[in-house]
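Coordinates from input32.cif are shown below (mmCIF, C-alpha atoms).
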data_structure
#
loop_
_atom_site.label_atom_id
_atom_site.label_comp_id
_atom_site.auth_asym_id
_atom_site.auth_seq_id
_atom_site.Cartn_x
_atom_site.Cartn_y
_atom_site.Cartn_z
CA MET A 1 68.35 -52.16 -49.49
CA VAL A 2 67.57 -53.69 -52.89
CA ASP A 3 66.58 -56.94 -51.21
CA HIS A 4 64.22 -55.03 -48.92
CA LEU A 5 62.42 -53.41 -51.85
CA LEU A 6 62.21 -56.67 -53.79
CA ALA A 7 60.74 -58.39 -50.72
CA GLY A 8 57.59 -56.40 -51.48
CA ALA A 9 57.11 -58.13 -54.85
CA LYS A 10 53.99 -60.31 -55.11
CA PRO A 11 52.50 -62.61 -57.74
CA ARG A 12 49.74 -60.95 -59.76
CA SER A 13 47.10 -63.09 -58.03
CA GLU A 14 47.97 -61.41 -54.71
CA TRP A 15 47.98 -57.76 -55.85
CA LYS A 16 45.87 -55.48 -53.70
CA THR A 17 45.01 -51.79 -53.56
CA GLY A 18 45.19 -49.67 -50.42
CA LEU A 19 43.74 -46.27 -49.64
CA GLU A 20 44.65 -43.36 -47.43
CA LEU A 21 42.31 -40.42 -46.87
CA GLU A 22 43.05 -37.22 -44.96
CA LEU A 23 40.25 -35.03 -43.59
CA ILE A 24 40.43 -31.51 -42.16
CA GLY A 25 38.35 -30.94 -39.03
CA TYR A 26 36.72 -27.82 -37.51
CA ARG A 27 34.54 -26.84 -34.61
CA LYS A 28 31.08 -26.65 -36.14
CA ASP A 29 30.05 -23.44 -34.35
CA THR A 30 33.17 -21.31 -34.83
CA LEU A 31 34.83 -23.12 -37.77
CA ASP A 32 38.15 -23.02 -35.89
CA ARG A 33 40.41 -25.98 -36.57
CA ILE A 34 39.77 -28.65 -33.96
CA ASP A 35 42.36 -28.95 -31.21
CA PHE A 36 44.21 -31.95 -29.85
CA SER A 37 41.64 -32.80 -27.16
CA ASP A 38 39.01 -33.28 -29.88
CA LEU A 39 41.33 -35.50 -31.88
CA GLU A 40 42.36 -37.46 -28.81
CA SER A 41 38.73 -38.29 -28.05
CA ILE A 42 38.28 -39.65 -31.59
CA LEU A 43 41.39 -41.80 -31.38
CA LYS A 44 40.40 -43.20 -27.97
CA ALA A 45 36.94 -44.08 -29.26
CA TYR A 46 38.27 -45.71 -32.43
CA SER A 47 40.06 -48.68 -30.88
CA SER A 48 41.96 -49.99 -27.87
CA GLU A 49 45.21 -50.21 -29.87
CA PRO A 50 46.83 -46.81 -29.20
CA ILE A 51 49.80 -45.40 -31.09
CA VAL A 52 51.77 -43.25 -28.66
CA ASP A 53 54.65 -40.78 -29.12
CA ALA A 54 56.40 -39.94 -25.84
CA GLY A 55 53.15 -40.29 -23.93
CA THR A 56 51.07 -38.43 -26.53
CA LEU A 57 48.30 -40.34 -28.29
CA VAL A 58 48.90 -39.84 -32.03
CA GLY A 59 47.02 -42.74 -33.60
CA ALA A 60 44.96 -45.87 -33.15
CA GLY A 61 45.10 -49.20 -34.97
CA GLY A 62 42.57 -51.87 -35.72
CA PRO A 63 41.51 -54.54 -38.22
CA ALA A 64 39.33 -52.05 -40.12
CA GLY A 65 42.23 -49.64 -40.66
CA THR A 66 44.49 -47.22 -38.82
CA LEU A 67 43.89 -43.60 -37.78
CA THR A 68 46.85 -41.25 -37.43
CA LEU A 69 47.33 -37.51 -37.08
CA GLU A 70 49.10 -35.31 -39.59
CA PRO A 71 51.03 -32.24 -38.30
CA GLY A 72 48.07 -29.84 -38.36
CA GLY A 73 45.64 -32.36 -36.94
CA GLN A 74 44.43 -33.70 -40.27
CA LEU A 75 42.81 -37.05 -39.54
CA GLU A 76 44.28 -39.77 -41.77
CA TYR A 77 42.55 -43.09 -42.35
CA SER A 78 44.65 -45.91 -43.79
CA GLY A 79 42.46 -48.78 -44.93
CA PRO A 80 43.65 -52.39 -45.15
CA PRO A 81 44.88 -53.28 -48.66
CA ARG A 82 42.15 -55.16 -50.52
CA GLN A 83 41.90 -57.09 -53.76
CA SER A 84 38.30 -55.92 -54.11
CA LEU A 85 37.57 -52.21 -54.45
CA SER A 86 34.02 -52.96 -53.32
CA LYS A 87 35.40 -54.23 -50.03
CA ALA A 88 37.60 -51.15 -49.67
CA GLU A 89 34.64 -48.88 -50.42
CA CYS A 90 32.48 -50.66 -47.85
CA GLU A 91 35.13 -50.21 -45.17
CA LEU A 92 35.50 -46.55 -46.14
CA ARG A 93 31.74 -46.01 -45.82
CA ASN A 94 31.72 -47.67 -42.42
CA TYR A 95 34.63 -45.51 -41.26
CA LEU A 96 33.04 -42.28 -42.48
CA SER A 97 29.74 -43.22 -40.86
CA TRP A 98 31.57 -43.80 -37.59
CA VAL A 99 33.42 -40.46 -37.82
CA ARG A 100 30.17 -38.69 -38.69
CA GLU A 101 28.59 -39.94 -35.46
CA ARG A 102 31.60 -38.88 -33.36
CA ALA A 103 31.66 -35.47 -35.03
CA LYS A 104 27.96 -34.92 -34.46
CA GLU A 105 28.26 -35.79 -30.77
CA ALA A 106 31.25 -33.48 -30.27
CA GLY A 107 30.16 -30.51 -32.41
CA MET A 108 32.78 -31.05 -35.10
CA VAL A 109 32.72 -31.15 -38.89
CA PHE A 110 35.22 -32.76 -41.27
CA LEU A 111 35.78 -31.56 -44.83
CA ALA A 112 36.80 -33.58 -47.88
CA ILE A 113 39.08 -31.11 -49.65
CA GLY A 114 42.75 -30.72 -50.56
CA PHE A 115 43.60 -27.51 -48.67
CA ASP A 116 42.21 -25.75 -45.60
CA PRO A 117 39.75 -23.30 -47.18
CA LEU A 118 39.29 -21.15 -44.07
CA ARG A 119 42.18 -20.77 -41.64
CA THR A 120 45.53 -18.98 -41.95
CA LEU A 121 48.86 -20.63 -41.29
CA ASP A 122 49.12 -18.81 -37.95
CA GLU A 123 45.76 -20.29 -36.87
CA GLN A 124 46.85 -23.91 -37.33
CA LYS A 125 47.11 -26.15 -34.26
CA TRP A 126 50.15 -28.40 -34.32
CA VAL A 127 50.15 -32.00 -33.15
CA ALA A 128 52.93 -32.60 -30.61
CA LYS A 129 54.89 -35.32 -32.39
CA ARG A 130 58.56 -35.08 -31.55
CA ARG A 131 59.80 -35.49 -35.11
CA TYR A 132 57.87 -32.42 -36.22
CA ARG A 133 60.17 -30.29 -34.06
CA ILE A 134 63.03 -31.44 -36.29
CA MET A 135 61.14 -31.30 -39.58
CA ARG A 136 59.71 -27.79 -39.22
CA PRO A 137 62.92 -25.72 -39.31
CA LEU A 138 64.32 -27.62 -42.29
CA LEU A 139 61.11 -27.34 -44.30
CA VAL A 140 60.95 -23.61 -43.58
CA ALA A 141 64.49 -23.25 -44.89
CA ARG A 142 63.91 -25.43 -47.95
CA GLY A 143 60.72 -23.94 -49.37
CA GLU A 144 58.31 -21.09 -48.92
CA ARG A 145 55.32 -23.31 -48.15
CA GLY A 146 56.67 -26.24 -46.19
CA LEU A 147 54.54 -25.42 -43.15
CA ASP A 148 51.45 -25.08 -45.32
CA MET A 149 52.17 -28.58 -46.62
CA MET A 150 52.39 -29.95 -43.11
CA THR A 151 49.31 -28.30 -41.63
CA ARG A 152 46.90 -27.19 -44.36
CA THR A 153 46.94 -29.91 -47.03
CA ALA A 154 44.97 -33.14 -47.30
CA ALA A 155 45.13 -35.90 -49.91
CA ILE A 156 43.78 -39.17 -51.23
CA GLN A 157 46.49 -41.79 -51.72
CA ALA A 158 46.35 -45.08 -53.61
CA ASN A 159 48.83 -47.85 -52.77
CA VAL A 160 49.59 -50.51 -55.38
CA ASP A 161 51.65 -53.70 -55.54
CA TYR A 162 54.28 -54.80 -58.05
CA GLY A 163 55.50 -58.17 -59.31
CA THR A 164 58.94 -58.05 -60.90
CA VAL A 165 61.68 -55.43 -61.08
CA ALA A 166 60.44 -54.50 -64.55
CA ASP A 167 56.88 -54.15 -63.26
CA LEU A 168 58.07 -52.03 -60.35
CA ALA A 169 59.97 -49.80 -62.78
CA GLU A 170 56.97 -49.33 -65.09
CA LYS A 171 54.60 -48.45 -62.25
CA PHE A 172 57.03 -46.10 -60.52
CA VAL A 173 57.88 -44.20 -63.71
CA ILE A 174 54.29 -44.03 -64.96
CA GLY A 175 52.96 -43.06 -61.53
CA ASN A 176 55.39 -40.13 -61.39
CA ARG A 177 55.09 -38.98 -64.99
CA LEU A 178 51.29 -39.11 -64.97
CA ALA A 179 51.19 -37.20 -61.68
CA PRO A 180 50.26 -33.83 -63.26
CA ILE A 181 47.37 -35.42 -65.14
CA ALA A 182 46.09 -37.12 -61.99
CA SER A 183 46.41 -33.80 -60.14
CA ALA A 184 44.22 -32.16 -62.76
CA ILE A 185 41.58 -34.91 -62.71
CA PHE A 186 41.23 -34.77 -58.93
CA ALA A 187 41.94 -31.05 -58.32
CA ASN A 188 39.74 -30.03 -55.38
CA SER A 189 41.22 -27.09 -53.47
CA PRO A 190 40.37 -23.68 -55.00
CA PHE A 191 39.94 -21.75 -51.70
CA VAL A 192 42.40 -20.02 -49.38
CA GLU A 193 41.36 -18.14 -46.23
CA GLY A 194 37.72 -17.85 -47.17
CA LYS A 195 37.99 -16.86 -50.82
CA LEU A 196 38.89 -18.23 -54.21
CA SER A 197 42.64 -18.43 -54.64
CA GLY A 198 42.79 -18.34 -58.44
CA ALA A 199 44.04 -21.94 -58.53
CA LYS A 200 42.21 -25.22 -59.01
CA SER A 201 44.55 -27.07 -56.62
CA GLU A 202 46.13 -24.93 -53.93
CA ARG A 203 47.51 -28.16 -52.51
CA ALA A 204 49.47 -28.83 -55.70
CA LEU A 205 50.88 -25.27 -55.61
CA VAL A 206 52.01 -25.80 -52.03
CA TRP A 207 53.92 -28.96 -52.91
CA LEU A 208 55.74 -27.11 -55.70
CA GLU A 209 57.14 -24.73 -53.05
CA THR A 210 58.20 -27.47 -50.61
CA ASP A 211 61.75 -28.89 -50.36
CA SER A 212 62.69 -29.83 -53.92
CA ASP A 213 65.26 -32.32 -52.61
CA ARG A 214 62.52 -34.69 -51.50
CA CYS A 215 59.34 -33.62 -53.33
CA GLY A 216 57.98 -33.52 -56.86
CA ILE A 217 58.97 -35.96 -59.60
CA PRO A 218 62.29 -37.65 -58.69
CA SER A 219 65.24 -37.94 -61.05
CA PRO A 220 65.01 -41.77 -61.40
CA ALA A 221 61.64 -41.31 -63.13
CA PHE A 222 63.42 -39.43 -65.94
CA ALA A 223 66.21 -41.96 -66.46
CA GLU A 224 66.49 -43.67 -69.85
CA GLU A 225 66.24 -46.99 -68.03
CA PHE A 226 64.98 -47.12 -64.45
CA SER A 227 67.09 -49.26 -62.12
CA LEU A 228 66.92 -49.94 -58.41
CA ASP A 229 70.59 -48.98 -58.11
CA GLY A 230 69.78 -45.63 -59.70
CA PHE A 231 66.81 -45.20 -57.38
CA LEU A 232 69.00 -45.92 -54.35
CA ASP A 233 71.60 -43.41 -55.57
CA TYR A 234 68.77 -40.86 -55.45
CA VAL A 235 67.73 -42.01 -51.95
CA LEU A 236 71.34 -41.63 -50.76
CA SER A 237 71.43 -38.06 -52.07
CA VAL A 238 68.32 -36.91 -50.16
CA PRO A 239 69.04 -34.99 -46.92
CA MET A 240 67.82 -36.61 -43.72
CA PHE A 241 65.63 -35.37 -40.92
CA TYR A 242 66.52 -37.74 -38.08
CA VAL A 243 67.20 -41.24 -36.85
CA GLU A 244 65.34 -42.80 -33.94
CA ARG A 245 67.24 -44.37 -31.06
CA ASP A 246 65.84 -45.65 -27.77
CA GLY A 247 62.55 -43.84 -28.30
CA ASP A 248 64.20 -40.49 -29.04
CA TYR A 249 64.95 -38.63 -32.28
CA VAL A 250 68.49 -37.61 -33.20
CA ASP A 251 68.58 -34.50 -35.43
CA LEU A 252 70.53 -35.15 -38.65
CA THR A 253 69.19 -32.32 -40.80
CA GLY A 254 71.65 -31.27 -43.48
CA VAL A 255 73.26 -34.70 -43.71
CA THR A 256 72.45 -36.79 -46.79
CA PHE A 257 71.65 -40.43 -46.25
CA GLY A 258 74.79 -41.38 -48.16
CA GLU A 259 76.96 -39.23 -45.90
CA TYR A 260 75.29 -40.76 -42.87
CA LEU A 261 76.09 -44.29 -44.05
CA GLU A 262 79.74 -43.33 -44.50
CA GLY A 263 79.80 -42.72 -40.77
CA SER A 264 80.96 -40.11 -38.31
CA GLY A 265 81.83 -40.27 -34.66
CA GLU A 266 79.20 -37.57 -34.08
CA TRP A 267 76.30 -39.70 -35.35
CA PRO A 268 74.73 -42.96 -34.20
CA ALA A 269 75.95 -46.08 -36.00
CA PRO A 270 73.54 -46.87 -38.87
CA VAL A 271 70.95 -49.62 -38.47
CA PHE A 272 68.67 -50.92 -41.20
CA ARG A 273 65.55 -49.23 -39.83
CA ASP A 274 67.22 -45.89 -40.67
CA PHE A 275 66.74 -46.74 -44.35
CA THR A 276 63.05 -47.60 -44.05
CA ASP A 277 62.46 -44.49 -41.91
CA HIS A 278 64.30 -42.37 -44.49
CA LEU A 279 62.02 -43.64 -47.26
CA THR A 280 59.02 -42.24 -45.35
CA THR A 281 60.56 -38.74 -45.45
CA ILE A 282 60.76 -38.70 -49.27
CA PHE A 283 57.57 -37.08 -50.55
CA THR A 284 57.69 -37.67 -54.32
CA GLU A 285 54.50 -37.90 -56.38
CA ALA A 286 54.92 -41.67 -56.59
CA ARG A 287 56.84 -43.04 -53.63
CA LEU A 288 58.54 -46.43 -53.52
CA LYS A 289 58.55 -48.60 -50.41
CA GLN A 290 57.60 -52.29 -50.51
CA TRP A 291 54.69 -51.02 -52.55
CA ILE A 292 54.15 -47.87 -54.62
CA GLU A 293 52.23 -44.92 -53.17
CA LEU A 294 50.45 -42.65 -55.66
CA ARG A 295 50.11 -39.27 -53.99
CA SER A 296 48.86 -36.75 -56.56
CA ALA A 297 45.13 -36.48 -55.74
CA ASP A 298 43.61 -33.76 -53.58
CA GLY A 299 41.44 -34.81 -50.66
CA GLY A 300 37.89 -35.52 -51.72
CA GLY A 301 34.59 -37.17 -50.92
CA LEU A 302 33.01 -40.59 -51.09
CA GLU A 303 32.83 -40.63 -54.89
CA GLN A 304 36.38 -39.40 -55.33
CA VAL A 305 38.22 -41.88 -53.09
CA PRO A 306 37.11 -45.08 -54.89
CA ALA A 307 37.61 -43.26 -58.21
CA VAL A 308 41.27 -42.59 -57.34
CA LEU A 309 41.80 -46.27 -56.50
CA ALA A 310 39.97 -47.44 -59.61
CA PHE A 311 41.82 -45.00 -61.86
CA TRP A 312 45.23 -46.30 -60.83
CA LYS A 313 44.18 -49.95 -60.60
CA GLY A 314 42.79 -49.91 -64.13
CA LEU A 315 45.95 -48.28 -65.51
CA LEU A 316 48.56 -50.25 -63.58
CA TYR A 317 47.14 -53.75 -63.01
CA ASP A 318 46.18 -54.62 -66.60
CA ALA A 319 49.20 -55.30 -68.82
CA ASN A 320 47.70 -53.73 -71.96
CA ALA A 321 46.57 -50.60 -70.09
CA LEU A 322 49.99 -50.30 -68.46
CA ALA A 323 51.71 -50.35 -71.86
CA ASP A 324 49.29 -47.78 -73.28
CA ALA A 325 49.69 -45.56 -70.20
CA ARG A 326 53.42 -45.37 -70.89
CA ARG A 327 52.68 -44.19 -74.43
CA LEU A 328 50.27 -41.53 -73.12
CA MET A 329 52.52 -40.08 -70.41
CA PRO A 330 54.05 -36.68 -71.31
CA ARG A 331 57.61 -36.75 -72.69
CA LEU A 332 59.14 -33.76 -70.94
CA ASP A 333 62.29 -32.98 -69.03
CA ALA A 334 62.31 -32.13 -65.32
CA SER A 335 61.94 -28.35 -65.74
CA GLN A 336 59.13 -28.78 -68.27
CA TYR A 337 57.34 -31.17 -65.94
CA LYS A 338 57.53 -28.64 -63.12
CA GLU A 339 55.99 -25.99 -65.35
CA LEU A 340 53.27 -28.46 -66.35
CA GLN A 341 52.58 -29.12 -62.67
CA ARG A 342 52.31 -25.39 -62.01
CA GLN A 343 49.89 -24.86 -64.89
CA VAL A 344 47.80 -27.81 -63.74
CA ALA A 345 47.64 -26.46 -60.19
CA ILE A 346 46.26 -23.18 -61.53
CA LYS A 347 44.12 -24.29 -64.47
CA GLY A 348 43.29 -27.93 -63.76
CA LEU A 349 42.11 -29.80 -66.84
CA GLU A 350 42.26 -26.61 -68.89
CA ALA A 351 46.04 -26.50 -68.66
CA GLU A 352 48.13 -26.68 -71.82
CA CYS A 353 51.90 -26.66 -71.50
CA ASN A 354 54.85 -27.70 -73.67
CA GLY A 355 52.52 -29.37 -76.13
CA VAL A 356 50.57 -31.29 -73.47
CA ARG A 357 46.81 -30.72 -73.64
CA VAL A 358 45.89 -31.94 -70.19
CA ARG A 359 42.16 -32.44 -70.77
CA GLU A 360 42.80 -34.61 -73.84
CA VAL A 361 45.33 -36.78 -72.04
CA ALA A 362 43.06 -37.05 -69.00
CA ARG A 363 40.11 -38.20 -71.10
CA SER A 364 42.25 -40.83 -72.80
CA LEU A 365 43.59 -42.07 -69.46
CA VAL A 366 40.14 -42.39 -67.86
CA GLU A 367 38.90 -44.38 -70.84
CA LEU A 368 42.06 -46.50 -70.77
CA SER A 369 41.62 -47.15 -67.05
CA ARG A 370 38.04 -48.27 -67.66
CA ASP A 371 39.25 -50.65 -70.37
CA GLY A 372 41.86 -52.01 -67.96
CA LEU A 373 39.27 -52.61 -65.26
CA LYS A 374 36.94 -54.28 -67.76
CA ALA A 375 39.72 -56.77 -68.43
CA ILE A 376 40.63 -57.57 -64.81
CA ALA A 377 37.64 -56.58 -62.62
CA PRO A 378 34.64 -55.58 -64.76
CA GLU A 379 32.38 -55.20 -61.73
CA GLU A 380 34.61 -52.34 -60.54
CA THR A 381 34.21 -50.09 -63.60
CA ARG A 382 31.30 -48.42 -61.77
CA PHE A 383 33.81 -46.61 -59.59
CA LEU A 384 34.94 -44.71 -62.70
CA ASP A 385 31.43 -43.52 -63.58
CA VAL A 386 32.05 -40.17 -61.90
CA LEU A 387 35.20 -39.64 -63.99
CA MET A 388 33.47 -40.74 -67.19
CA GLU A 389 30.78 -38.15 -66.53
CA ARG A 390 32.91 -35.26 -65.35
CA VAL A 391 36.26 -35.72 -67.10
CA VAL A 392 35.35 -37.50 -70.35
CA ARG A 393 31.95 -35.97 -71.07
CA GLU A 394 32.08 -32.57 -69.33
CA GLY A 395 35.83 -31.97 -69.13
CA ILE A 396 35.72 -30.68 -65.54
CA CYS A 397 37.34 -31.47 -62.19
CA PRO A 398 35.86 -31.13 -58.67
CA ALA A 399 37.30 -27.62 -58.28
CA ASP A 400 35.37 -26.45 -61.34
CA ILE A 401 32.12 -27.44 -59.62
CA LEU A 402 33.12 -25.62 -56.43
CA ILE A 403 34.08 -22.45 -58.31
CA ARG A 404 30.92 -22.47 -60.42
CA ASN A 405 28.67 -22.88 -57.37
CA PHE A 406 30.61 -20.37 -55.26
CA GLU A 407 30.32 -17.69 -57.93
CA GLY A 408 26.72 -18.66 -58.68
CA ALA A 409 24.09 -20.15 -56.42
CA TRP A 410 26.18 -19.89 -53.24
CA HIS A 411 26.74 -16.11 -53.70
CA GLY A 412 30.27 -16.30 -52.30
CA GLN A 413 29.18 -17.74 -48.95
CA MET A 414 31.75 -20.05 -47.35
CA ARG A 415 29.08 -21.68 -45.17
CA GLU A 416 27.64 -23.11 -48.38
CA VAL A 417 31.06 -24.47 -49.23
CA ILE A 418 31.35 -26.08 -45.79
CA ASP A 419 27.94 -27.71 -46.10
CA TYR A 420 28.80 -29.07 -49.54
CA LEU A 421 32.20 -30.45 -48.55
CA SER A 422 31.19 -31.88 -45.16
CA ILE A 423 31.84 -35.60 -45.19
CA ALA A 424 31.51 -36.17 -41.46
#

As structure tokens, what does this structure read like?
Amino acid sequence: MVDHLLAGAKPRSEWKTGLELELIGYRKDTLDRIDFSDLESILKAYSSEPIVDAGTLVGAGGPAGTLTLEPGGQLEYSGPPRQSLSKAECELRNYLSWVRERAKEAGMVFLAIGFDPLRTLDEQKWVAKRRYRIMRPLLVARGERGLDMMTRTAAIQANVDYGTVADLAEKFVIGNRLAPIASAIFANSPFVEGKLSGAKSERALVWLETDSDRCGIPSPAFAEEFSLDGFLDYVLSVPMFYVERDGDYVDLTGVTFGEYLEGSGEWPAPVFRDFTDHLTTIFTEARLKQWIELRSADGGGLEQVPAVLAFWKGLLYDANALADARRLMPRLDASQYKELQRQVAIKGLEAECNGVRVREVARSLVELSRDGLKAIAPEETRFLDVLMERVVREGICPADILIRNFEGAWHGQMREVIDYLSIA
């Protein structure tokens, strides 16, 4: 398992950044969530490389990126990892332009936001992936909002590379411990069921009430010294969902991965793919595979996506910025971090908790990220302009703009919100 993780290490000259963007789609006339037939038509039009689950089309691949479906039909675009953020942005623009045309033809609209602002949990339309039948009951039992997480949330994710074990450790720890600050910077989900929820990031609140065994900030990020052995001890302690055999899913809910490896006549004999599959069912703020996934940002628009990538690239790919980021990350224990996350979800950049003034830390991190990009890719600092304007100068996040407009010029009209957030 250690060898597998270390196989992802790359020399600095080969480091790339990858993006993932989830969008929430609706019928334009009724604003109902789009159903599977709508999604299927998009996937079929995207490429001739289908991804199929027991005869059900659930994704489509291609050289310009992959489309897959989240449980509630959120449309997820995974772009190819790129060394140039300009190249990644260009591919994102092309993808969004393509989706916009498909949506216009089919009477659909896609929103760039972190949580479904309109529809109740009962109104969600589930995608028929077999593993969701196993995941749903466990997530219901392990948190009040597990089903909300599956069907009503959407995110922007940045994927980064690492070089050595020490570099992996720094990026994993910093990515997790700076998660609340990143959540505040990119908070963009203040609506629930057609009205303001009282939070800046409803998505972040949902994750706080979802299976604490596999979500949040993991224990290895709080260790005095991060080690891969310690990380794998954590992985072994996380309960499983399933293993896949011969195209079918075997339910192993309630069994930790460590118990599974010890063996039982009732379970299939372990194979190595079980480990890599298990890693995909751990939903921590920064997730380790053969790269590091940074998962703390709400879904957002064309300015926000490159800003998320640039923010993390500037902090994590320049050695001086990486060292300074460690000094800036909050020094809290696990319970204090969870309270900080809760305050951030409600108050965004205005949050103050256990001595952490979130707006001050956020401003320092954005400026530090810009300095990091100046050192390694000065032409890419433009992608941080939106954060320099909003976070550093104005001290606001995207949710603050939505709330201000909703209570002001939009007169509480959700149609205005939809028009503003429509990205395709």

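Evaluating the PyMOL selection byres ((chain A and resi 115) around 7) against the shown model yields A:Ile113, A:Gly114, A:Asp116, A:Pro117, A:Arg152, A:Thr153, A:Ala154, A:Ser189, A:Glu202, A:Arg203.
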
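Counting all atoms listed in the file and comparing A:Trp410, A:Trp15, A:Trp267, A:Phe311, the residue that lies closest to A:Phe383 is A:Phe311.
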
Write out as a ChimeraX atom specification the residues lying within 12 Å of stretch 242-244 of chain A, counting all atoms listed in the file and excluding same-chain residues fewer than 2 positions away. /A:53,130-135,138,239-240,246-257,260-261,267-281

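Among A:Leu39, A:Ala310, A:Cys353, A:Ala158, the residue with the shortest atom-to-atom distance to A:Leu340, counting all atoms listed in the file, is A:Cys353.
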
Could you tell me which residues the PyMOL selection byres ((chain A and resi 355) around 12) grabs in this file, written as number ranges by chain? A: 330-332, 336-337, 339-340, 351-354, 356-358, 360-361

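For the choices A:Glu89, A:Glu170, A:Asp32, A:Asp122, the atom-to-atom distance to A:Arg327 is smallest for A:Glu170 when using all atoms listed in the file.
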
Report as JSON lines: every residue of stretch 327-392 of chain A with an atom at most 12 Å from stretch 69-83 of chain A, its closest pair of atoms, and their distance in Å to one decimal, counting only C-alpha atoms, with rows sorted by chain and ascending residue number.
{"residue": "A:Ile376", "atom": "CA", "partner": "A:Gln83", "partner_atom": "CA", "distance": 11.1}
{"residue": "A:Ala377", "atom": "CA", "partner": "A:Gln83", "partner_atom": "CA", "distance": 9.8}
{"residue": "A:Glu380", "atom": "CA", "partner": "A:Gln83", "partner_atom": "CA", "distance": 11.0}

Run through the PyMOL selection byres ((chain A and resi 66) around 12) on the given coordinates and return the selected residues as JSON, numbers by chain. {"A": [18, 19, 20, 21, 22, 43, 46, 47, 48, 49, 50, 51, 58, 59, 60, 61, 62, 63, 64, 65, 67, 68, 69, 75, 76, 77, 78, 79, 80, 81, 91, 92, 95]}

Write out the residues from the selection above, keeping C-alpha atoms, as an mmCIF file, keeping the file's coordinate frame.
data_model
loop_
_atom_site.group_PDB
_atom_site.id
_atom_site.type_symbol
_atom_site.label_atom_id
_atom_site.label_comp_id
_atom_site.auth_asym_id
_atom_site.auth_seq_id
_atom_site.Cartn_x
_atom_site.Cartn_y
_atom_site.Cartn_z
ATOM 1 C CA GLY A 18 45.190 -49.670 -50.420
ATOM 2 C CA LEU A 19 43.740 -46.270 -49.640
ATOM 3 C CA GLU A 20 44.650 -43.360 -47.430
ATOM 4 C CA LEU A 21 42.310 -40.420 -46.870
ATOM 5 C CA GLU A 22 43.050 -37.220 -44.960
ATOM 6 C CA LEU A 43 41.390 -41.800 -31.380
ATOM 7 C CA TYR A 46 38.270 -45.710 -32.430
ATOM 8 C CA SER A 47 40.060 -48.680 -30.880
ATOM 9 C CA SER A 48 41.960 -49.990 -27.870
ATOM 10 C CA GLU A 49 45.210 -50.210 -29.870
ATOM 11 C CA PRO A 50 46.830 -46.810 -29.200
ATOM 12 C CA ILE A 51 49.800 -45.400 -31.090
ATOM 13 C CA VAL A 58 48.900 -39.840 -32.030
ATOM 14 C CA GLY A 59 47.020 -42.740 -33.600
ATOM 15 C CA ALA A 60 44.960 -45.870 -33.150
ATOM 16 C CA GLY A 61 45.100 -49.200 -34.970
ATOM 17 C CA GLY A 62 42.570 -51.870 -35.720
ATOM 18 C CA PRO A 63 41.510 -54.540 -38.220
ATOM 19 C CA ALA A 64 39.330 -52.050 -40.120
ATOM 20 C CA GLY A 65 42.230 -49.640 -40.660
ATOM 21 C CA LEU A 67 43.890 -43.600 -37.780
ATOM 22 C CA THR A 68 46.850 -41.250 -37.430
ATOM 23 C CA LEU A 69 47.330 -37.510 -37.080
ATOM 24 C CA LEU A 75 42.810 -37.050 -39.540
ATOM 25 C CA GLU A 76 44.280 -39.770 -41.770
ATOM 26 C CA TYR A 77 42.550 -43.090 -42.350
ATOM 27 C CA SER A 78 44.650 -45.910 -43.790
ATOM 28 C CA GLY A 79 42.460 -48.780 -44.930
ATOM 29 C CA PRO A 80 43.650 -52.390 -45.150
ATOM 30 C CA PRO A 81 44.880 -53.280 -48.660
ATOM 31 C CA GLU A 91 35.130 -50.210 -45.170
ATOM 32 C CA LEU A 92 35.500 -46.550 -46.140
ATOM 33 C CA TYR A 95 34.630 -45.510 -41.260
#

As number ranges by chain, please: the residues near A:Lys338 (cut-off 9 Å, only C-alpha atoms, same-chain neighbours under 2 positions excluded). A: 180, 208, 216-217, 333-336, 340-343

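Here atom CA of A:Leu31 stands at a distance of 15.9 Å from atom CA of A:Thr151.
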
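Relative to atom CA of A:Gly395, atom CA of A:Pro218 is found at 29.0 Å.
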
Rounded to one decimal, what separation in Å do you get between atom CA of A:Glu224 and atom CA of A:Ala169? 11.4 Å

What's around A:Met329 at 9 Å? Count all atoms listed in the file, leave out sequence neighbours fewer than 2 positions away in its own chain, and write the answer as JSON, numbers by chain. {"A": [174, 177, 178, 181, 324, 325, 326, 327, 331, 361]}
